[in-house]
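What follows is structure-v8.txt (compact mmCIF, C-alpha atoms).
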# COMPACT_ATOMS: atom_id res chain seq x y z
CA GLY A 106 -14.30 -6.93 7.07
CA GLN A 107 -12.11 -3.99 7.87
CA SER A 108 -12.80 -0.28 7.81
CA LEU A 109 -10.54 2.65 8.57
CA GLU A 110 -11.31 6.33 8.92
CA GLN A 111 -8.89 9.21 8.58
CA PRO A 112 -9.35 12.88 7.62
CA SER A 113 -9.27 13.52 3.89
CA GLU A 114 -7.13 16.64 4.03
CA VAL A 115 -4.90 18.54 6.46
CA THR A 116 -3.07 21.81 5.91
CA ALA A 117 -0.18 23.12 8.02
CA VAL A 118 2.75 25.50 7.73
CA GLU A 119 6.44 24.75 7.61
CA GLY A 120 7.95 24.09 11.00
CA ALA A 121 4.62 23.22 12.58
CA ILE A 122 3.41 19.93 14.10
CA VAL A 123 0.51 18.02 12.62
CA GLN A 124 -1.36 14.95 13.84
CA ILE A 125 -3.25 12.62 11.51
CA ASN A 126 -5.76 10.40 13.26
CA CYS A 127 -6.94 6.97 12.24
CA THR A 128 -9.74 4.88 13.71
CA TYR A 129 -10.33 1.34 12.60
CA GLN A 130 -12.69 -1.59 12.86
CA THR A 131 -11.27 -4.95 12.06
CA SER A 132 -10.98 -8.55 13.14
CA GLY A 133 -7.74 -10.39 13.69
CA PHE A 134 -5.77 -7.21 14.29
CA TYR A 135 -1.98 -7.49 14.33
CA GLY A 136 -0.90 -3.91 13.99
CA LEU A 137 -1.25 -0.49 12.42
CA SER A 138 1.12 0.85 9.81
CA TRP A 139 1.58 4.24 8.22
CA TYR A 140 2.67 4.85 4.65
CA GLN A 141 3.60 8.03 2.80
CA GLN A 142 2.86 8.48 -0.87
CA HIS A 143 3.93 11.42 -3.00
CA ASP A 144 1.94 12.21 -6.12
CA GLY A 145 2.80 9.69 -8.84
CA GLY A 146 4.99 7.67 -6.49
CA ALA A 147 4.69 4.39 -4.63
CA PRO A 148 3.78 4.12 -0.96
CA THR A 149 6.77 4.04 1.35
CA PHE A 150 6.74 2.62 4.84
CA LEU A 151 6.91 5.08 7.74
CA SER A 152 6.09 3.22 10.93
CA TYR A 153 4.41 0.26 12.52
CA ASN A 154 2.72 -0.21 15.90
CA ALA A 155 1.79 -3.63 17.19
CA LEU A 156 1.56 -2.64 20.85
CA ASP A 157 0.02 0.31 22.64
CA GLY A 158 2.17 3.37 22.91
CA LEU A 159 4.33 5.72 20.97
CA GLU A 160 6.98 4.81 18.38
CA GLU A 161 9.39 7.54 17.36
CA THR A 162 11.45 7.68 14.19
CA GLY A 163 13.14 11.01 13.68
CA ARG A 164 10.56 13.71 12.99
CA PHE A 165 7.76 11.17 12.74
CA SER A 166 6.02 9.40 15.61
CA SER A 167 3.14 6.98 15.62
CA PHE A 168 0.79 6.05 18.42
CA LEU A 169 -1.57 3.15 18.95
CA SER A 170 -4.33 2.42 21.43
CA ARG A 171 -5.69 -1.06 20.78
CA SER A 172 -8.48 -0.68 23.33
CA ASP A 173 -9.72 2.43 21.51
CA SER A 174 -9.03 1.08 18.00
CA TYR A 175 -7.25 4.33 17.38
CA GLY A 176 -3.89 5.52 16.22
CA TYR A 177 -2.22 8.65 14.97
CA LEU A 178 0.79 9.80 13.03
CA LEU A 179 2.59 12.86 14.37
CA LEU A 180 4.81 14.87 12.06
CA GLN A 181 7.08 17.46 13.66
CA GLU A 182 9.13 20.30 12.18
CA LEU A 183 7.16 20.08 8.97
CA GLN A 184 9.03 20.57 5.72
CA MET A 185 7.68 21.29 2.25
CA LYS A 186 8.77 17.83 1.14
CA ASP A 187 6.32 16.33 3.66
CA SER A 188 3.45 17.36 1.40
CA ALA A 189 2.04 13.98 0.39
CA SER A 190 -0.74 11.55 1.12
CA TYR A 191 -0.54 9.54 4.32
CA PHE A 192 -2.29 6.23 4.68
CA CYS A 193 -2.95 4.23 7.80
CA ALA A 194 -3.25 0.52 7.20
CA VAL A 195 -4.25 -2.40 9.38
CA ILE A 196 -2.50 -5.73 9.25
CA THR A 197 -4.62 -8.77 9.81
CA GLY A 198 -3.89 -12.45 10.18
CA ARG A 199 -4.23 -12.81 6.42
CA ARG A 200 -0.81 -11.20 6.00
CA ALA A 201 -2.34 -8.35 4.05
CA LEU A 202 -2.73 -4.63 4.45
CA THR A 203 -6.04 -2.84 4.29
CA PHE A 204 -5.48 0.85 3.69
CA GLY A 205 -7.49 3.80 4.89
CA SER A 206 -8.64 6.30 2.31
CA GLY A 207 -5.63 8.53 2.90
CA THR A 208 -5.01 12.01 4.25
CA ARG A 209 -3.62 14.59 1.90
CA LEU A 210 -1.19 16.84 3.77
CA GLN A 211 -0.39 20.24 2.31
CA VAL A 212 2.53 22.06 3.87
CA GLN A 213 2.53 25.77 3.19
CA PRO A 214 5.47 28.16 3.48
CA ASP B 100 20.52 -2.43 -4.51
CA ALA B 101 17.86 -4.92 -3.57
CA MET B 102 14.50 -3.72 -4.73
CA VAL B 103 11.10 -4.33 -6.26
CA ILE B 104 10.98 -3.70 -9.99
CA GLN B 105 7.90 -3.29 -12.11
CA ASN B 106 7.76 -3.35 -15.89
CA PRO B 107 6.61 -1.53 -17.79
CA ARG B 108 6.16 1.71 -15.88
CA TYR B 109 3.47 2.82 -18.31
CA GLN B 110 1.24 0.47 -20.28
CA VAL B 111 -1.38 1.41 -22.83
CA THR B 112 -3.82 -1.22 -24.04
CA GLN B 113 -7.05 -1.34 -25.95
CA PHE B 114 -10.41 -2.19 -24.52
CA GLY B 115 -10.66 -5.97 -24.32
CA LYS B 116 -7.04 -6.65 -25.29
CA PRO B 117 -5.23 -8.85 -22.74
CA VAL B 118 -2.33 -7.30 -20.93
CA THR B 119 0.33 -8.62 -18.54
CA LEU B 120 2.16 -6.58 -15.94
CA SER B 121 5.30 -7.92 -14.34
CA CYS B 122 7.01 -7.57 -11.01
CA SER B 123 10.37 -8.86 -9.87
CA GLN B 124 12.17 -8.64 -6.57
CA THR B 125 15.71 -9.14 -5.41
CA LEU B 126 14.76 -9.15 -1.72
CA ASN B 127 14.01 -12.89 -1.60
CA HIS B 128 10.77 -12.18 0.23
CA ASN B 129 8.17 -14.90 0.72
CA VAL B 130 5.12 -12.74 0.16
CA MET B 131 4.21 -10.78 -2.96
CA TYR B 132 1.14 -8.59 -3.37
CA TRP B 133 -0.73 -6.87 -6.17
CA TYR B 134 -2.68 -3.69 -5.46
CA GLN B 135 -4.85 -1.55 -7.67
CA GLN B 136 -4.86 2.17 -6.97
CA LYS B 137 -7.18 4.57 -8.74
CA SER B 138 -6.71 8.30 -8.70
CA SER B 139 -6.99 9.84 -5.21
CA GLN B 140 -7.93 6.50 -3.68
CA ALA B 141 -6.22 4.05 -1.38
CA PRO B 142 -4.39 1.03 -2.76
CA LYS B 143 -6.79 -1.90 -2.94
CA LEU B 144 -5.43 -5.41 -2.50
CA LEU B 145 -6.23 -7.72 -5.42
CA PHE B 146 -4.39 -10.85 -4.29
CA HIS B 147 -1.20 -12.06 -2.71
CA TYR B 148 1.11 -15.05 -2.69
CA TYR B 149 2.74 -16.53 0.35
CA ASP B 150 5.39 -18.57 -1.44
CA LYS B 151 3.21 -20.49 -3.90
CA ASP B 152 0.07 -20.23 -1.80
CA PHE B 153 -2.32 -17.96 -3.72
CA ASN B 154 -4.80 -15.77 -1.83
CA ASN B 155 -7.50 -14.02 -3.78
CA GLU B 156 -9.53 -11.16 -2.31
CA ALA B 157 -13.25 -11.91 -2.40
CA ASP B 158 -14.09 -8.83 -4.48
CA THR B 159 -11.28 -9.17 -7.04
CA PRO B 160 -12.91 -9.55 -10.46
CA ASP B 161 -12.37 -12.81 -12.36
CA ASN B 162 -10.87 -10.69 -15.12
CA PHE B 163 -7.73 -10.42 -12.99
CA GLN B 164 -5.39 -13.37 -12.69
CA SER B 165 -1.92 -13.80 -11.27
CA ARG B 166 1.04 -16.12 -11.68
CA ARG B 167 4.13 -16.60 -9.58
CA PRO B 168 6.51 -18.94 -11.39
CA ASN B 169 9.27 -18.52 -8.81
CA THR B 170 10.21 -16.52 -5.73
CA SER B 171 11.47 -13.56 -7.71
CA PHE B 172 8.71 -12.97 -10.23
CA CYS B 173 5.01 -12.32 -10.13
CA PHE B 174 2.68 -11.42 -12.99
CA LEU B 175 -0.70 -9.74 -13.16
CA ASP B 176 -2.83 -10.74 -16.14
CA ILE B 177 -5.87 -8.72 -17.09
CA ARG B 178 -7.78 -10.88 -19.54
CA SER B 179 -10.17 -8.31 -20.99
CA PRO B 180 -9.40 -4.83 -19.73
CA GLY B 181 -12.27 -2.43 -19.40
CA LEU B 182 -12.17 1.34 -19.09
CA GLY B 183 -12.70 0.95 -15.36
CA ASP B 184 -9.45 -1.00 -15.04
CA ALA B 185 -7.35 2.04 -15.83
CA ALA B 186 -5.31 2.57 -12.68
CA MET B 187 -1.90 2.34 -11.10
CA TYR B 188 -0.97 -1.25 -10.32
CA LEU B 189 1.41 -1.66 -7.42
CA CYS B 190 3.44 -4.72 -6.57
CA ALA B 191 4.75 -5.13 -3.05
CA THR B 192 6.76 -7.68 -1.14
CA SER B 193 7.08 -8.64 2.48
CA PRO B 194 9.64 -10.78 4.30
CA LYS B 195 7.31 -12.32 6.83
CA GLY B 196 4.02 -14.09 7.28
CA ALA B 197 1.27 -13.05 9.64
CA GLY B 198 2.00 -9.88 11.52
CA THR B 199 4.32 -8.49 8.91
CA ASP B 200 5.18 -4.91 9.65
CA THR B 201 6.63 -3.62 6.41
CA GLN B 202 5.74 -3.94 2.78
CA TYR B 203 8.14 -2.81 0.09
CA PHE B 204 6.44 -1.32 -2.92
CA GLY B 205 7.62 -1.15 -6.48
CA PRO B 206 7.23 2.08 -8.47
CA GLY B 207 3.98 0.88 -10.05
CA THR B 208 2.68 0.42 -13.58
CA ARG B 209 0.20 2.99 -14.80
CA LEU B 210 -2.31 1.29 -17.08
CA THR B 211 -4.29 3.25 -19.63
CA VAL B 212 -7.18 1.57 -21.44
CA LEU B 213 -8.26 3.13 -24.72
Here is the file; what I need is its structure written in the form of structure tokens.
Amino acid sequence: GQSLEQPSEVTAVEGAIVQINCTYQTSGFYGLSWYQQHDGGAPTFLSYNALDGLEETGRFSSFLSRSDSYGYLLLQELQMKDSASYFCAVITGRRALTFGSGTRLQVQP
Amino acid sequence: DAMVIQNPRYQVTQFGKPVTLSCSQTLNHNVMYWYQQKSSQAPKLLFHYYDKDFNNEADTPDNFQSRRPNTSFCFLDIRSPGLGDAAMYLCATSPKGAGTDTQYFGPGTRLTVL
């Protein structure tokens, strides 16, 4: 089976940088994805890492270390609209996502 | 715009009364997924189709069934809803097979069981 661990809650102020960590245990690992979900909304794709290293998309970056079974999502220049839940998810050979329990990010003024 | 559409957005049913949720997509993606998400929890995969190939998660209750009559549509049938089945049901699609990197989610159907 698969298991993922991420912090349940993170608080930061506008303009700051925050890092959300994710550790995983899985078999047949293809990659690690990150999704954002606002309250009452659907998850939306943020990033995907299949190989070790950093992927940057605007204010968001994601990192993967396959040898450490570890990844993180880095959010820079935080804005109030970034307040949401962030899920890491592993992709296995079964073409399916297994989500972590989610990290609730609160951005304060 | 190409998208994933779920109907209805809100569904109320009675305990034990069968209910069907629908999902359609204009993305022409091979893979369609159904997730259950309860309040403050992660989405939990129920099953998925790769074309017509049905894949059921081992812990998905028998009460949940799915149909995919064609590429565009997928249905979730709950035969006898219990109070514990109240949740948001999310449909998602993906353009690839193994190693897919992006899933596109619909807005979800919030199911209430009275």
_Shell of 9 Å around B:Gln202, all atoms listed in the file, local chain residues under 5 positions omitted, as a PyMOL selection string_ = (chain A and resi 149-150+202) or (chain B and resi 132+191-194)
Return as a tab-separated table the residues of chain B lying at most 12 Å from chain A, together with the closest atom-to-atom pair for each and the distance in Å to one decimal, counting all atoms listed in the file, with rows in chain order and ascending residue number.
residue	atom	partner	partner_atom	distance
B:Val103	CA	A:Ala147	CA	10.9
B:Ile104	CA	A:Ala147	CA	11.6
B:Gln105	CA	A:Ala147	CA	11.2
B:Arg108	CA	A:Gly145	CA	11.2
B:Tyr109	CA	A:Gly145	CA	11.7
B:Asn129	CA	A:Arg200	CA	11.1
B:Val130	CA	A:Arg200	CA	8.5
B:Met131	CA	A:Ala201	CA	9.9
B:Tyr132	CA	A:Ala201	CA	8.2
B:Trp133	CA	A:Ala201	CA	10.5
B:Tyr134	CA	A:Leu202	CA	10.0
B:Gln135	CA	A:Phe204	CA	11.6
B:Gln136	CA	A:Ala147	CA	10.1
B:Lys137	CA	A:Gly145	CA	11.2
B:Ser138	CA	A:Gly145	CA	9.6
B:Ser139	CA	A:Gly207	CA	8.3
B:Gln140	CA	A:Ser206	CA	6.0
B:Ala141	CA	A:Ser206	CA	5.0
B:Pro142	CA	A:Phe204	CA	6.5
B:Lys143	CA	A:Phe204	CA	7.3
B:Leu144	CA	A:Thr203	CA	7.3
B:Leu145	CA	A:Ala201	CA	10.3
B:Phe146	CA	A:Ala201	CA	8.9
B:His147	CA	A:Ala201	CA	7.8
B:Tyr148	CA	A:Arg200	CA	9.7
B:Tyr149	CA	A:Arg200	CA	8.5
B:Asp152	CA	A:Arg199	CA	11.9
B:Phe153	CA	A:Arg199	CA	11.5
B:Asn154	CA	A:Arg199	CA	8.8
B:Asn155	CA	A:Arg199	CA	10.8
B:Glu156	CA	A:Ala201	CA	10.0
B:Ala157	CA	A:Gly106	CA	10.8
B:Asp158	CA	A:Gly106	CA	11.7
B:Ala186	CA	A:Gly145	CA	11.5
B:Met187	CA	A:Gly145	CA	9.0
B:Tyr188	CA	A:Ala147	CA	9.8
B:Leu189	CA	A:Ala147	CA	7.4
B:Cys190	CA	A:Ala147	CA	9.4
B:Ala191	CA	A:Pro148	CA	9.5
B:Thr192	CA	A:Ala201	CA	10.5
B:Ser193	CA	A:Arg200	CA	9.0
B:Pro194	CA	A:Arg200	CA	10.6
B:Lys195	CA	A:Arg200	CA	8.2
B:Gly196	CA	A:Arg200	CA	5.8
B:Ala197	CA	A:Arg200	CA	4.6
B:Gly198	CA	A:Tyr135	CA	5.4
B:Thr199	CA	A:Arg200	CA	6.5
B:Asp200	CA	A:Tyr153	CA	6.0
B:Thr201	CA	A:Phe150	CA	6.4
B:Gln202	CA	A:Phe150	CA	6.9
B:Tyr203	CA	A:Thr149	CA	7.1
B:Phe204	CA	A:Ala147	CA	6.2
B:Gly205	CA	A:Ala147	CA	6.5
B:Pro206	CA	A:Ala147	CA	5.2
B:Gly207	CA	A:Ala147	CA	6.5
B:Thr208	CA	A:Ala147	CA	10.0
B:Arg209	CA	A:Gly145	CA	9.3
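Residue nearest B:His128, chosen from B:Lys116, B:Arg166, B:Phe172, B:Pro160 and counting all atoms listed in the file: B:Phe172.
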*Measure the distance from atom CA of A:Leu210 to atom CA of A:Gly176 in Å and round it to one decimal.*
17.0 Å
*Using only C-alpha atoms, find the one residue out of A:His143, A:Asp157, A:Ile122, A:Gln213 that sits nearest to A:Leu179.*
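Nearest to A:Leu179: A:Ile122.
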*Pick the closest to A:Ser108 from A:Ser166, A:Gln124, A:Gln181, A:Ser174: which is it, counting all atoms listed in the file?*
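Of A:Ser166, A:Gln124, A:Gln181, A:Ser174, the one nearest A:Ser108 is A:Ser174, counting all atoms listed in the file.
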*asked:* Counting only C-alpha atoms, which residue out of B:Thr159, B:Gln124, B:Gln113, B:Thr211 sits closest to B:Cys173?
replied: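 Once distances to B:Cys173 are computed over only C-alpha atoms, the minimum belongs to B:Gln124.
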*For atom CA of A:Gln211 and atom CA of A:Ala189, quote the distance in Å rounded to one decimal.*
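If I compute the distance from atom CA of A:Gln211 to atom CA of A:Ala189, I get 7.0 Å.
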*Identify which of the residues A:Ser188, A:Ser167, A:Gln130, A:Thr162 lies closest to A:Gly106, counting all atoms listed in the file when measuring atom-to-atom distances.*
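So, comparing all the options, the nearest one is A:Gln130.
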*asked:* So that I can check the surroundings of A:Thr128, please list as a ChimeraX atom specification every protein, DNA and RNA residue that reaches within 6 Å of it, counting all atoms listed in the file and ignoring chain neighbours fewer than 2 positions away.
replied: /A:109-110,174-175
*In Å, rounded to a single decimal, give me how far atom CA of A:Gln111 is from atom CA of A:Glu160.*
19.2 Å
_Residues within 12 Å of (-11.2, -1.6, -20.7), counting all atoms listed in the file, listed as a list of chain:residue names_ = B:Val111, B:Thr112, B:Gln113, B:Phe114, B:Gly115, B:Lys116, B:Pro117, B:Val118, B:Asn162, B:Ile177, B:Arg178, B:Ser179, B:Pro180, B:Gly181, B:Leu182, B:Gly183, B:Asp184, B:Ala185, B:Ala186, B:Leu210, B:Thr211, B:Val212, B:Leu213
_Restricting the calculation to all atoms listed in the file: of A:Phe165, A:Ser132, A:Glu114, A:Pro214, which residue gets closest to A:Tyr177?_
A:Phe165
All heavy atoms of stretch 106-117 of chain B, written as a PDB file, in the first residue's frame:
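Here's the written file part-v3.pdb:
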ATOM      1  N   ASN B 106     -22.932  16.537 -12.567  1.00  0.00           N
ATOM      2  CA  ASN B 106     -24.325  16.863 -12.264  1.00  0.00           C
ATOM      3  C   ASN B 106     -24.936  15.799 -11.367  1.00  0.00           C
ATOM      4  O   ASN B 106     -24.641  14.619 -11.523  1.00  0.00           O
ATOM      5  CB  ASN B 106     -25.145  16.928 -13.571  1.00  0.00           C
ATOM      6  CG  ASN B 106     -24.869  18.192 -14.338  1.00  0.00           C
ATOM      7  OD1 ASN B 106     -24.971  19.283 -13.805  1.00  0.00           O
ATOM      8  ND2 ASN B 106     -24.479  18.031 -15.590  1.00  0.00           N
ATOM      9  N   PRO B 107     -25.778  16.204 -10.421  1.00  0.00           N
ATOM     10  CA  PRO B 107     -25.962  17.599 -10.023  1.00  0.00           C
ATOM     11  C   PRO B 107     -24.826  18.078  -9.142  1.00  0.00           C
ATOM     12  O   PRO B 107     -23.974  17.289  -8.759  1.00  0.00           O
ATOM     13  CB  PRO B 107     -27.283  17.526  -9.244  1.00  0.00           C
ATOM     14  CG  PRO B 107     -27.239  16.179  -8.612  1.00  0.00           C
ATOM     15  CD  PRO B 107     -26.553  15.271  -9.626  1.00  0.00           C
ATOM     16  N   ARG B 108     -24.779  19.335  -8.819  1.00  0.00           N
ATOM     17  CA  ARG B 108     -23.756  19.832  -7.904  1.00  0.00           C
ATOM     18  C   ARG B 108     -24.104  19.484  -6.462  1.00  0.00           C
ATOM     19  O   ARG B 108     -23.220  19.278  -5.631  1.00  0.00           O
ATOM     20  CB  ARG B 108     -23.624  21.350  -8.051  1.00  0.00           C
ATOM     21  CG  ARG B 108     -23.088  21.808  -9.401  1.00  0.00           C
ATOM     22  CD  ARG B 108     -21.613  21.401  -9.592  1.00  0.00           C
ATOM     23  NE  ARG B 108     -20.815  21.773  -8.441  1.00  0.00           N
ATOM     24  CZ  ARG B 108     -20.291  22.980  -8.256  1.00  0.00           C
ATOM     25  NH1 ARG B 108     -20.506  23.925  -9.146  1.00  0.00           N
ATOM     26  NH2 ARG B 108     -19.578  23.235  -7.188  1.00  0.00           N
ATOM     27  N   TYR B 109     -25.383  19.427  -6.175  1.00  0.00           N
ATOM     28  CA  TYR B 109     -25.855  19.067  -4.838  1.00  0.00           C
ATOM     29  C   TYR B 109     -26.955  18.025  -5.006  1.00  0.00           C
ATOM     30  O   TYR B 109     -27.854  18.197  -5.809  1.00  0.00           O
ATOM     31  CB  TYR B 109     -26.406  20.291  -4.084  1.00  0.00           C
ATOM     32  CG  TYR B 109     -25.378  21.373  -3.894  1.00  0.00           C
ATOM     33  CD1 TYR B 109     -25.221  22.374  -4.847  1.00  0.00           C
ATOM     34  CD2 TYR B 109     -24.561  21.387  -2.775  1.00  0.00           C
ATOM     35  CE1 TYR B 109     -24.261  23.363  -4.678  1.00  0.00           C
ATOM     36  CE2 TYR B 109     -23.595  22.375  -2.601  1.00  0.00           C
ATOM     37  CZ  TYR B 109     -23.461  23.354  -3.562  1.00  0.00           C
ATOM     38  OH  TYR B 109     -22.524  24.327  -3.402  1.00  0.00           O
ATOM     39  N   GLN B 110     -26.841  16.956  -4.244  1.00  0.00           N
ATOM     40  CA  GLN B 110     -27.824  15.871  -4.315  1.00  0.00           C
ATOM     41  C   GLN B 110     -28.230  15.489  -2.900  1.00  0.00           C
ATOM     42  O   GLN B 110     -27.358  15.220  -2.060  1.00  0.00           O
ATOM     43  CB  GLN B 110     -27.227  14.669  -5.036  1.00  0.00           C
ATOM     44  CG  GLN B 110     -28.126  13.442  -5.077  1.00  0.00           C
ATOM     45  CD  GLN B 110     -29.279  13.621  -6.044  1.00  0.00           C
ATOM     46  OE1 GLN B 110     -29.089  13.869  -7.226  1.00  0.00           O
ATOM     47  NE2 GLN B 110     -30.488  13.501  -5.518  1.00  0.00           N
ATOM     48  N   VAL B 111     -29.524  15.467  -2.667  1.00  0.00           N
ATOM     49  CA  VAL B 111     -30.059  15.009  -1.392  1.00  0.00           C
ATOM     50  C   VAL B 111     -30.821  13.724  -1.646  1.00  0.00           C
ATOM     51  O   VAL B 111     -31.624  13.651  -2.580  1.00  0.00           O
ATOM     52  CB  VAL B 111     -30.997  16.060  -0.757  1.00  0.00           C
ATOM     53  CG1 VAL B 111     -31.539  15.540   0.580  1.00  0.00           C
ATOM     54  CG2 VAL B 111     -30.262  17.382  -0.549  1.00  0.00           C
ATOM     55  N   THR B 112     -30.552  12.708  -0.848  1.00  0.00           N
ATOM     56  CA  THR B 112     -31.272  11.453  -0.975  1.00  0.00           C
ATOM     57  C   THR B 112     -31.644  10.957   0.405  1.00  0.00           C
ATOM     58  O   THR B 112     -31.151  11.446   1.421  1.00  0.00           O
ATOM     59  CB  THR B 112     -30.438  10.406  -1.735  1.00  0.00           C
ATOM     60  OG1 THR B 112     -31.276   9.288  -2.059  1.00  0.00           O
ATOM     61  CG2 THR B 112     -29.264   9.912  -0.892  1.00  0.00           C
ATOM     62  N   GLN B 113     -32.510   9.978   0.419  1.00  0.00           N
ATOM     63  CA  GLN B 113     -32.917   9.384   1.693  1.00  0.00           C
ATOM     64  C   GLN B 113     -32.109   8.131   1.960  1.00  0.00           C
ATOM     65  O   GLN B 113     -31.633   7.464   1.029  1.00  0.00           O
ATOM     66  CB  GLN B 113     -34.408   9.057   1.659  1.00  0.00           C
ATOM     67  CG  GLN B 113     -35.299  10.285   1.622  1.00  0.00           C
ATOM     68  CD  GLN B 113     -36.773   9.915   1.584  1.00  0.00           C
ATOM     69  OE1 GLN B 113     -37.146   8.880   1.042  1.00  0.00           O
ATOM     70  NE2 GLN B 113     -37.602  10.762   2.154  1.00  0.00           N
ATOM     71  N   PHE B 114     -31.979   7.818   3.204  1.00  0.00           N
ATOM     72  CA  PHE B 114     -31.289   6.605   3.620  1.00  0.00           C
ATOM     73  C   PHE B 114     -31.850   5.415   2.847  1.00  0.00           C
ATOM     74  O   PHE B 114     -33.055   5.171   2.852  1.00  0.00           O
ATOM     75  CB  PHE B 114     -31.480   6.424   5.130  1.00  0.00           C
ATOM     76  CG  PHE B 114     -30.753   5.246   5.692  1.00  0.00           C
ATOM     77  CD1 PHE B 114     -29.493   5.382   6.240  1.00  0.00           C
ATOM     78  CD2 PHE B 114     -31.348   3.985   5.697  1.00  0.00           C
ATOM     79  CE1 PHE B 114     -28.809   4.297   6.768  1.00  0.00           C
ATOM     80  CE2 PHE B 114     -30.679   2.897   6.225  1.00  0.00           C
ATOM     81  CZ  PHE B 114     -29.422   3.049   6.761  1.00  0.00           C
ATOM     82  N   GLY B 115     -30.973   4.679   2.164  1.00  0.00           N
ATOM     83  CA  GLY B 115     -31.384   3.486   1.455  1.00  0.00           C
ATOM     84  C   GLY B 115     -31.953   3.709   0.063  1.00  0.00           C
ATOM     85  O   GLY B 115     -32.202   2.735  -0.664  1.00  0.00           O
ATOM     86  N   LYS B 116     -32.145   4.951  -0.341  1.00  0.00           N
ATOM     87  CA  LYS B 116     -32.710   5.216  -1.664  1.00  0.00           C
ATOM     88  C   LYS B 116     -31.592   5.365  -2.691  1.00  0.00           C
ATOM     89  O   LYS B 116     -30.737   6.247  -2.558  1.00  0.00           O
ATOM     90  CB  LYS B 116     -33.559   6.488  -1.623  1.00  0.00           C
ATOM     91  CG  LYS B 116     -34.279   6.776  -2.917  1.00  0.00           C
ATOM     92  CD  LYS B 116     -35.203   7.973  -2.788  1.00  0.00           C
ATOM     93  CE  LYS B 116     -35.930   8.236  -4.096  1.00  0.00           C
ATOM     94  NZ  LYS B 116     -36.830   9.401  -4.011  1.00  0.00           N
ATOM     95  N   PRO B 117     -31.610   4.544  -3.744  1.00  0.00           N
ATOM     96  CA  PRO B 117     -30.520   4.584  -4.734  1.00  0.00           C
ATOM     97  C   PRO B 117     -30.358   5.970  -5.347  1.00  0.00           C
ATOM     98  O   PRO B 117     -31.332   6.703  -5.564  1.00  0.00           O
ATOM     99  CB  PRO B 117     -30.963   3.571  -5.796  1.00  0.00           C
ATOM    100  CG  PRO B 117     -31.924   2.666  -5.096  1.00  0.00           C
ATOM    101  CD  PRO B 117     -32.612   3.515  -4.075  1.00  0.00           C
TER     102      PRO B 117
END
